[in-house]
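Everything on this sheet refers to the single structure shown next.
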Amino acid sequence: MNKKTVITCAIVGATTSREHTPHLPITPAEIAQSALEAVQAGAAAVHIHVRDPATGKASMEVDLYAEVVKRIRDAGSQVIINLTTGAGARFVPSEHDPRVAGPGTTLVNPEQRVQHILALKPDVATLDLNTMTSRNQVVINTPDMVRKMAGFIQSAGAIPEIELFDSGDVQLANALIEDGTLTGPRLFSFVLGVKYGFVSTPETVLYARNLLPAGAHWTAIGIGKQSFPMVAQGWLMGGHARVGMEDNIYLGRGKLARTNAELVTHAAELIALLGGEVATIAEARAMWGLRAS
């Protein structure tokens, strides 16, 4: 087990909406403030998506990311900033011809998906390895796309956080390490509970963990009602923790979290009850091989 557990807070994500919870942060000011509150509650890292302030929909605008990052840094926080590169991977076949992109398609080239990483140079950037069915759509991350994105991320001085949605993704990750595409500190996250991907069970976490290279740091991310059970399972098996409104909006059955900080507090309390300790920002940076901010 890790001597200390790093808690990451995923502030907003791309799919949770104000229809799901009125407490969701939307504007850059709200996202940054929610991140700072999560840090006060014990998060050493924050995972950031951005939304169009007018519509609340997911956005890839560099200026929105820049405002969030600036607000966090201007507040004096040394928190590990992890920016998503997951946007821009969705393909929706049109009804008349499945080879043609239909409404809802966001698929763009790798350079566009990492433009905010190159501009802002965060500590960490996610790198999704999944190509999978998502509802009646497809998420596409081919090996060539992933290699290009990994190169851009690492050229910006960021560490890729490898997001894994099924066992084939782990095999791809190991292949990218073997061929030298991925170098340096190895951060992985298992996304558990997305339909048609990893299921949220202890057996899945154990199996996935055992496929990783020696010395890897990893996090078990439970989606929905499995969020806190996966915090516990991750700790028991030597992993770190992630919570936040991207993954789950409830503290318990029928009880909406009012803030991301409440979700972090609950995770920290759970880790303490299990006998663990939550890592500080400085400890997390040292553990993950990140530069001092």
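Chain labels A, B, ... are given in the sequence in which chains occur in the structure tokens; within each chain residues are numbered consecutively from 1, and ligands are likewise numbered from 1 in the order shown.
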Picked from segment 44-256 of chain A by DSSP as strand (DSSP E or B), as number ranges by chain: A: 45-48, 50-51, 58-59, 80-83, 90-91, 93, 101, 124-128, 132-134, 137-139, 159-164, 187-192, 217-222, 240-243, 250-252, 255-256
His23 of chain A environment, 12 Å, only C-alpha atoms, sequence neighbours closer than 2 positions dropped, as a PyMOL selection string: chain A and resi 11-12+16-21+25-26+30-31+34+244-245+249-250+256-262
Using only C-alpha atoms, please write the residues we just selected to a file, as an mmCIF file, in the first residue's frame.
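Output (again_0.cif):
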data_model
loop_
_atom_site.group_PDB
_atom_site.id
_atom_site.type_symbol
_atom_site.label_atom_id
_atom_site.label_comp_id
_atom_site.auth_asym_id
_atom_site.auth_seq_id
_atom_site.Cartn_x
_atom_site.Cartn_y
_atom_site.Cartn_z
ATOM 1 C CA ILE A 11 -14.391 19.242 -10.727
ATOM 2 C CA VAL A 12 -16.960 19.193 -13.537
ATOM 3 C CA THR A 16 -22.808 16.155 -15.682
ATOM 4 C CA SER A 17 -25.248 19.056 -16.041
ATOM 5 C CA ARG A 18 -27.240 21.509 -13.959
ATOM 6 C CA GLU A 19 -30.223 19.280 -14.691
ATOM 7 C CA HIS A 20 -28.483 16.602 -12.639
ATOM 8 C CA THR A 21 -27.454 18.960 -9.856
ATOM 9 C CA PRO A 25 -19.727 24.731 -11.292
ATOM 10 C CA ILE A 26 -19.923 26.016 -14.868
ATOM 11 C CA GLU A 30 -16.912 28.766 -10.398
ATOM 12 C CA ILE A 31 -14.649 25.921 -11.542
ATOM 13 C CA SER A 34 -14.564 24.819 -6.541
ATOM 14 C CA GLY A 244 -15.693 14.878 -7.782
ATOM 15 C CA MET A 245 -18.803 15.952 -9.642
ATOM 16 C CA ILE A 249 -22.812 14.003 -7.447
ATOM 17 C CA TYR A 250 -24.041 12.201 -4.326
ATOM 18 C CA LEU A 256 -26.644 15.648 -3.339
ATOM 19 C CA ALA A 257 -23.205 17.043 -2.602
ATOM 20 C CA ARG A 258 -23.376 20.819 -2.439
ATOM 21 C CA THR A 259 -19.701 21.228 -3.308
ATOM 22 C CA ASN A 260 -16.780 19.219 -4.619
ATOM 23 C CA ALA A 261 -15.124 19.884 -1.269
ATOM 24 C CA GLU A 262 -17.800 17.784 0.450
#
A:Phe152, A:Tyr65, A:Trp218, A:Phe190 ranked by distance to Leu164 of chain A, top pick (using only C-alpha atoms): A:Phe190
Neighbour list for segment 143-147 of chain A as a PyMOL selection string, cut-off 12 Å, only C-alpha atoms, skip fewer than 2 positions in-chain: chain A and resi 85-86+88-89+107-114+126-131+140-141+149-154+160+162-163+168-169+171-177+179-183
Exercise: segment 281-289 of chain A partners within 8 Å, only C-alpha atoms, chain neighbours under 4 positions left out, as JSON, numbers by chain: {"A": [6, 43, 44, 45, 78, 79, 80, 185, 186, 187, 217]}
Prev. selection, C-alpha atoms, output as a CSV table (one decimal), in the first residue's frame:
chain,number,residue,atom,x,y,z
A,6,VAL,CA,-3.3,11.3,-3.2
A,43,ALA,CA,-7.2,17.3,-2.6
A,44,ALA,CA,-3.6,17.4,-3.8
A,45,ALA,CA,-4.6,17.4,-7.5
A,78,GLN,CA,0.4,24.9,-5.5
A,79,VAL,CA,-2.1,22.2,-6.3
A,80,ILE,CA,-1.3,19.7,-9.1
A,185,PRO,CA,6.7,8.7,-14.1
A,186,ARG,CA,3.9,6.3,-14.7
A,187,LEU,CA,0.4,7.5,-13.7
A,217,HIS,CA,1.0,4.9,-9.4
